[in-house]
Amino acid sequence: MTQPPGSSAPSSADGSAASGRVAGPATATRAPVPLVNIANALTVARLVLVPVFLAVLFVDGGHATYWRWVAFGVFAVASLTDSFDGEFARRWGLVTDFGKIADPIADKALVGAALVGLSVLGELAWWVTIVIAVRELGITAMRFWVLRHGVIPASRGGKLKTVLQTLALGLAIMPLPPVAEPVVATLFLLAVVVTVVSGLDYVAQAVRLRRAATA
């Protein structure tokens with residue numbers, strides 16, 4: 001049916017015109033994402049919790065049962081923020097340049113603090129800390145190196161690495177009885193293996209990405 005002069009076309013539920021689905025001015029441009037949002041707040045909170053975790057971990061030389069549980073609680077809360085900040089950023093459209101830079105820094109700071117803290121206390125071999133730290137720092141630097149050619153997505157190996165590292169560190173921080181030591185040691189060994197293998201996979205992806213960009 002022909003529309004009378006001066007009348008508007010009927011609109012659909014999403015505000016688009018029924019004929020042609022042309023978006024209106026309100027959807028043509030998108031408002032900039034505010035820097036202060038829940039995702040970035042969780043990332044900053046994780047950074048703030050890193051020195052708190054270290055301070056609590058070293059109370060009474062790291063041998064006080066109560067404070068070790070407190071240290072585990074701080075580590076667990078900080079680790080949970082890593083699970084939620086990225087999810088909120090993607091789901092609610094809160095991705096910012098600050099978050100892209102601060103989030104991996106906060107992740108590496110928390111894991112690195114736990115590794116170094118346990119090694120200083122003599123509860124984790126330094127070679128484990130060094131291997132994981134070198135891999136994390138190296139892959140982070142490599143990501144920035146190839147950023148102009150493209151983004152290397154997180155792989156399943158990388159995600160498994162994060163789970164194993166977090167689980168092993170969490171159990172190591174807990175004041176568990178000596179009978180649990182073989183379990184913790186096995187988890188750390190698995191974490192190191194997956195950390196190295198996933199790191200090599202990222203290197204291979206970076207090489208392919210750079211070759212494809214320069215071809």
# chains A, B, ... in the order shown; residues from 1 in each chain; ligands from 1
call {"tool": "residues_around", "arguments": {"residues": "segment 176-185 of chain A", "least_positions_apart": "5", "cutoff": "9 Å", "atoms": "only C-alpha atoms", "output": "list in words"}}
result
Leu124, Leu167, Ala168, Leu169, Leu171 and Leu190 of chain A
call {"tool": "residues_around", "arguments": {"residues": "segment 136-143 of chain A", "least_positions_apart": "6", "cutoff": "12 Å", "atoms": "only C-alpha atoms", "output": "ChimeraX atom specification"}}
result
/A:100-101,103-105,107-112,129-130,149-154,158,161-162,165,192,195-207,209-210
call {"tool": "atom_distance", "arguments": {"atom1": "atom CA of Thr81 of chain A", "atom2": "atom CA of Val163 of chain A"}}
result
14.0 Å
call {"tool": "closest_residue", "arguments": {"among": "A:Arg156, A:Trp145, A:Val116, A:Ala78", "to": "Ala133 of chain A", "atoms": "only C-alpha atoms"}}
result
A:Val116
call {"tool": "atom_distance", "arguments": {"atom1": "atom CA of Phe53 of chain A", "atom2": "atom CA of Phe75 of chain A"}}
result
6.4 Å
